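Shown next, in structure tokens, is the structure this report addresses.
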Amino acid sequence: MKKSVIAAIAAAGVVGGAVVAHGVIASDNVPVVYFTKDISPAGLVRAYKALNWTPKGKVGVKMSTGESSKSNYLRPELIKDLIGEIDGTIVECNTAYGGNRSDSESHWAAIRERGFLDVAPVDIMDEEGSMTLPVHGGNVLSENYVGTHFANYPSYIVLSHFKGHAMAGYGGALKNISIGFGSSMGKKWIHSGGKSKESMWGGEQNAFLESMADAAKSVVEYVGRENMVYINVLNRISIDCDCDGNPAEPDIHDIGILVSTDPVAIDQAGIDMVSVADGNEKLMKRIADKNGLHTLEAAEKIGVGSRKYKLVNLDEQGEK
């Protein structure tokens, strides 16, 4: 970037360390999003600690294990110290499409190949099927389907690689707690806008986006807001998701790490940062083409979180 991300956002009206709402100063009753440009194992741990969060019981670390070694998933060497800090378990679900993670046997092989078992225990949460979560006051869905092992973790860190997505426009915390937590059947249910548990194809786009928001609401309400925190890593920001085995090379330089207790706020902050980044044209077009911001709109509408946030630059605060 030509200037620091905080300076660029400030120039656009989103002021680092101040309360923001798409560039408009808002009330003080908004969530905090912390930022550091230090994308390193130590930077990840420091950003997490800024939340002063105390997990309850066993901690699941929800992240993507990536479709291939070429995918831009978060590498084991980056996340190892964070997972060790909270004695966490990496949790995933099988995919709803072809590829090397669509069944547990091949998914375990991919997990071993990528080196995740070298840094932490791993749990494929839908290896023994699905469980149903109710959706209260959703846009489209009345129920959501996650892996049965989902209930085994009283606390979750949602560790997301922020990037583009061929169907949702972008992928961050909201995608990770909706499609990501969805069992293979649940992923099909969300993608189809609640029309099918057998196929993910053929649904209406806005119904898909609204179903992601609904699924996210069911997850947050089941676990409890106080028992979930969110980390978005803005590196290797391709227009393609980590579910793409041969993604496009990123046009955007690495930006940094965001952490928050609000999944909507952290994704909005990621969008705001990408929107002022050099080389963002392809990603912003993909988000616009897929109406990707509608997921944020739909999630805020049903109370999943706030698009308004206070951005705090950890790099200006020194060690906490």
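FYI, nothing fancy with the structure tokens labels: chains A, B, ... in order, residues from 1 per chain, ligands from 1 as they appear.
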_Can you pull out every residue from range 210-301 of chain A that DSSP, working from the backbone, puts in strand (DSSP E), and format the result as a list in words?_
Met228, Val229, Tyr230, Ile231, Asn232, Val233, Leu234, Gly256, Ile257, Leu258, Val259 and Ser260 of chain A
*For range 115-129 of chain A, list every protein, DNA or RNA residue within 9 Å, evaluated using only C-alpha atoms, and leave out those in the same chain fewer than 2 positions away; present the list as number ranges by chain.*
A: 60, 65, 75-77, 79-81, 83-84, 87-94, 103-104, 107-108, 110-113, 131, 146-150, 181-185
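Between CA of Leu78 in chain A and CA of Val276 in chain A lies a distance of 25.6 Å.
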*Might you pull out every residue within 6 Å of range 283-298 of chain A, with only C-alpha atoms counted and same-chain residues fewer than 4 positions away left off, and present them as a list of chain:residue names?*
A:Ala168, A:Gly169, A:Leu209, A:Glu210, A:Ala213, A:Ile239
Any chance you can output those residues with N, CA and C atoms as an mmCIF file, in the first residue's frame?
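Everything below was put into result_23.cif:
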data_model
loop_
_atom_site.group_PDB
_atom_site.id
_atom_site.type_symbol
_atom_site.label_atom_id
_atom_site.label_comp_id
_atom_site.auth_asym_id
_atom_site.auth_seq_id
_atom_site.Cartn_x
_atom_site.Cartn_y
_atom_site.Cartn_z
ATOM 1 N N ALA A 168 -19.730 -16.140 -2.600
ATOM 2 C CA ALA A 168 -20.154 -15.171 -1.590
ATOM 3 C C ALA A 168 -19.534 -13.799 -1.786
ATOM 4 N N GLY A 169 -18.590 -13.666 -2.715
ATOM 5 C CA GLY A 169 -17.919 -12.398 -2.945
ATOM 6 C C GLY A 169 -16.669 -12.252 -2.107
ATOM 7 N N LEU A 209 -26.909 -15.656 0.545
ATOM 8 C CA LEU A 209 -26.228 -14.707 1.426
ATOM 9 C C LEU A 209 -26.992 -14.531 2.739
ATOM 10 N N GLU A 210 -28.306 -14.447 2.655
ATOM 11 C CA GLU A 210 -29.124 -14.301 3.853
ATOM 12 C C GLU A 210 -29.107 -15.573 4.694
ATOM 13 N N ALA A 213 -26.090 -15.498 6.914
ATOM 14 C CA ALA A 213 -26.348 -14.682 8.101
ATOM 15 C C ALA A 213 -27.193 -15.450 9.117
ATOM 16 N N ILE A 239 -8.554 -13.221 -4.916
ATOM 17 C CA ILE A 239 -9.989 -13.128 -5.180
ATOM 18 C C ILE A 239 -10.669 -14.477 -4.963
#
Taking a cut-off of 9 Å and counting only C-alpha atoms, can you build a table that, for each residue of range 98-173 of chain A near range 245-267 of chain A, reports the nearest atom pair and how far apart they are in Å (one decimal), sorted by chain then residue number, as a Markdown table?
| residue | atom | partner | partner_atom | distance |
| --- | --- | --- | --- | --- |
| A:Gly99 | CA | A:Gly245 | CA | 8.5 |
| A:Val158 | CA | A:Pro263 | CA | 8.9 |
| A:Phe162 | CA | A:Asp267 | CA | 8.3 |
| A:Gly171 | CA | A:Asp267 | CA | 8.6 |
| A:Gly172 | CA | A:Asp267 | CA | 6.0 |
| A:Ala173 | CA | A:Pro263 | CA | 5.6 |
_Sel. of alpha helix (DSSP H) residues, range 120-307 of chain A, as a ChimeraX atom specification_ = /A:173-178,184-191,205-223,263-275,281-289,293-301
Written file, previous selection with C-alpha atoms, as a compact mmCIF listing (two decimals), in the first residue's frame:
# COMPACT_ATOMS: atom_id res chain seq x y z
CA ALA A 173 -15.65 -14.54 9.99
CA LEU A 174 -19.31 -14.73 8.87
CA LYS A 175 -18.54 -17.31 6.23
CA ASN A 176 -16.45 -19.31 8.71
CA ILE A 177 -19.26 -19.54 11.29
CA SER A 178 -21.94 -20.31 8.71
CA SER A 184 -21.58 -31.30 4.48
CA MET A 185 -25.38 -31.40 4.46
CA GLY A 186 -25.56 -28.04 6.20
CA LYS A 187 -23.35 -26.44 3.56
CA LYS A 188 -25.77 -27.60 0.87
CA TRP A 189 -28.69 -26.24 2.89
CA ILE A 190 -27.09 -22.80 3.20
CA HIS A 191 -25.89 -22.59 -0.40
CA GLN A 205 -28.01 -15.52 -4.67
CA ASN A 206 -29.52 -13.23 -2.03
CA ALA A 207 -31.20 -16.19 -0.34
CA PHE A 208 -27.78 -17.83 -0.10
CA LEU A 209 -26.23 -14.71 1.43
CA GLU A 210 -29.12 -14.30 3.85
CA SER A 211 -28.88 -17.98 4.78
CA MET A 212 -25.24 -17.44 5.74
CA ALA A 213 -26.35 -14.68 8.10
CA ASP A 214 -29.07 -16.94 9.52
CA ALA A 215 -26.66 -19.83 10.09
CA ALA A 216 -24.20 -17.47 11.77
CA LYS A 217 -26.96 -16.31 14.13
CA SER A 218 -27.78 -19.89 15.13
CA VAL A 219 -24.12 -20.61 15.92
CA VAL A 220 -23.58 -17.45 17.98
CA GLU A 221 -26.77 -17.99 19.97
CA TYR A 222 -26.01 -21.67 20.66
CA VAL A 223 -22.45 -21.09 21.87
CA PRO A 263 -18.18 -11.17 13.65
CA VAL A 264 -19.96 -8.47 11.65
CA ALA A 265 -17.69 -5.66 12.82
CA ILE A 266 -14.50 -7.58 12.06
CA ASP A 267 -15.68 -8.42 8.53
CA GLN A 268 -16.76 -4.83 7.90
CA ALA A 269 -13.33 -3.65 9.04
CA GLY A 270 -11.73 -6.12 6.62
CA ILE A 271 -13.88 -4.84 3.77
CA ASP A 272 -12.99 -1.25 4.68
CA MET A 273 -9.26 -2.07 4.66
CA VAL A 274 -9.42 -3.88 1.34
CA SER A 275 -11.47 -1.02 -0.13
CA GLU A 281 -9.95 -3.75 -8.25
CA LYS A 282 -10.56 -7.44 -8.99
CA LEU A 283 -11.60 -8.29 -5.44
CA MET A 284 -13.91 -5.30 -5.08
CA LYS A 285 -15.51 -6.19 -8.42
CA ARG A 286 -16.05 -9.76 -7.28
CA ILE A 287 -17.66 -8.56 -4.04
CA ALA A 288 -19.92 -6.20 -6.00
CA ASP A 289 -20.80 -8.81 -8.64
CA LEU A 293 -22.00 -6.87 1.31
CA HIS A 294 -25.56 -8.14 1.61
CA THR A 295 -24.34 -10.81 4.04
CA LEU A 296 -23.21 -8.02 6.37
CA GLU A 297 -26.52 -6.20 5.89
CA ALA A 298 -28.54 -9.33 6.57
CA ALA A 299 -26.46 -10.29 9.62
CA GLU A 300 -26.75 -6.84 11.17
CA LYS A 301 -30.50 -6.80 10.51
*Using only C-alpha atoms, determine which residues lie at most 9 Å from Leu74 in chain A, disregarding the query and same-chain residues fewer than 4 positions distant; provide the list as a list in words.*
Met63, Ser64, Thr65, Gly66, Leu78, Ile79, Leu159, Ser160, His161, Val233 and Asn235 of chain A
Export N, CA, C and O atoms of the chosen residues as a PDB file, in the first residue's frame?
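This is the output file again.pdb:
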ATOM      1  N   MET A  63     -11.084 -23.106  11.560  1.00  0.00           N
ATOM      2  CA  MET A  63     -10.317 -22.569  10.449  1.00  0.00           C
ATOM      3  C   MET A  63     -10.440 -23.511   9.265  1.00  0.00           C
ATOM      4  O   MET A  63     -10.965 -24.622   9.385  1.00  0.00           O
ATOM      5  N   SER A  64      -9.956 -23.059   8.113  1.00  0.00           N
ATOM      6  CA  SER A  64      -9.966 -23.880   6.903  1.00  0.00           C
ATOM      7  C   SER A  64      -8.656 -24.627   6.765  1.00  0.00           C
ATOM      8  O   SER A  64      -7.580 -24.053   6.977  1.00  0.00           O
ATOM      9  N   THR A  65      -8.746 -25.903   6.411  1.00  0.00           N
ATOM     10  CA  THR A  65      -7.546 -26.699   6.153  1.00  0.00           C
ATOM     11  C   THR A  65      -7.110 -26.623   4.690  1.00  0.00           C
ATOM     12  O   THR A  65      -6.109 -27.232   4.319  1.00  0.00           O
ATOM     13  N   GLY A  66      -7.830 -25.894   3.861  1.00  0.00           N
ATOM     14  CA  GLY A  66      -7.400 -25.631   2.482  1.00  0.00           C
ATOM     15  C   GLY A  66      -7.646 -26.779   1.529  1.00  0.00           C
ATOM     16  O   GLY A  66      -7.556 -27.944   1.891  1.00  0.00           O
ATOM     17  N   LEU A  78       2.235 -20.470  11.230  1.00  0.00           N
ATOM     18  CA  LEU A  78       1.713 -19.180  11.666  1.00  0.00           C
ATOM     19  C   LEU A  78       0.808 -19.327  12.877  1.00  0.00           C
ATOM     20  O   LEU A  78       0.844 -18.503  13.800  1.00  0.00           O
ATOM     21  N   ILE A  79       0.003 -20.363  12.918  1.00  0.00           N
ATOM     22  CA  ILE A  79      -1.027 -20.497  13.950  1.00  0.00           C
ATOM     23  C   ILE A  79      -0.602 -21.325  15.158  1.00  0.00           C
ATOM     24  O   ILE A  79      -1.296 -21.343  16.172  1.00  0.00           O
ATOM     25  N   LEU A 159     -10.898 -18.461  13.470  1.00  0.00           N
ATOM     26  CA  LEU A 159      -9.654 -17.997  12.860  1.00  0.00           C
ATOM     27  C   LEU A 159      -9.803 -18.058  11.345  1.00  0.00           C
ATOM     28  O   LEU A 159      -9.762 -19.133  10.744  1.00  0.00           O
ATOM     29  N   SER A 160      -9.974 -16.906  10.734  1.00  0.00           N
ATOM     30  CA  SER A 160     -10.345 -16.845   9.316  1.00  0.00           C
ATOM     31  C   SER A 160      -9.266 -16.164   8.491  1.00  0.00           C
ATOM     32  O   SER A 160      -8.679 -15.169   8.914  1.00  0.00           O
ATOM     33  N   HIS A 161      -9.054 -16.697   7.306  1.00  0.00           N
ATOM     34  CA  HIS A 161      -8.228 -16.031   6.301  1.00  0.00           C
ATOM     35  C   HIS A 161      -9.165 -15.165   5.463  1.00  0.00           C
ATOM     36  O   HIS A 161     -10.087 -15.676   4.822  1.00  0.00           O
ATOM     37  N   VAL A 233      -7.165 -12.815   9.373  1.00  0.00           N
ATOM     38  CA  VAL A 233      -5.806 -12.554   8.901  1.00  0.00           C
ATOM     39  C   VAL A 233      -5.883 -12.105   7.449  1.00  0.00           C
ATOM     40  O   VAL A 233      -6.372 -12.843   6.587  1.00  0.00           O
ATOM     41  N   ASN A 235      -3.813 -11.689   4.771  1.00  0.00           N
ATOM     42  CA  ASN A 235      -2.600 -11.971   4.006  1.00  0.00           C
ATOM     43  C   ASN A 235      -2.980 -12.837   2.804  1.00  0.00           C
ATOM     44  O   ASN A 235      -4.057 -13.431   2.777  1.00  0.00           O
TER      45      ASN A 235
END
For Gln317 in chain A, find every residue with an atom within 12 Å (counting only C-alpha atoms), except residues of its own chain fewer than 5 positions away, and show them as a CSV table (one decimal) with N, CA and C atoms, in the first residue's frame.
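Result went into selection.csv, see below:
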chain,number,residue,atom,x,y,z
A,17,GLY,N,-8.9,4.2,15.7
A,17,GLY,CA,-9.0,4.5,17.1
A,17,GLY,C,-10.2,5.3,17.4
A,34,TYR,N,-9.5,-4.6,16.9
A,34,TYR,CA,-8.1,-4.3,17.1
A,34,TYR,C,-7.3,-4.7,15.8
A,35,PHE,N,-6.3,-3.9,15.5
A,35,PHE,CA,-5.5,-4.2,14.3
A,35,PHE,C,-4.0,-4.2,14.6
A,36,THR,N,-3.3,-5.1,13.9
A,36,THR,CA,-1.8,-5.0,13.9
A,36,THR,C,-1.4,-5.4,12.5
A,46,ARG,N,-0.3,-11.8,20.2
A,46,ARG,CA,-0.5,-10.4,20.8
A,46,ARG,C,-1.8,-9.9,20.4
A,47,ALA,N,-2.3,-10.0,19.2
A,47,ALA,CA,-3.6,-9.5,18.8
A,47,ALA,C,-4.7,-10.2,19.6
A,50,ALA,N,-5.1,-9.0,23.1
A,50,ALA,CA,-5.7,-7.7,23.2
A,50,ALA,C,-7.2,-7.8,23.6
A,312,VAL,N,-8.9,0.1,16.7
A,312,VAL,CA,-7.8,0.4,17.5
A,312,VAL,C,-6.5,-0.2,17.0
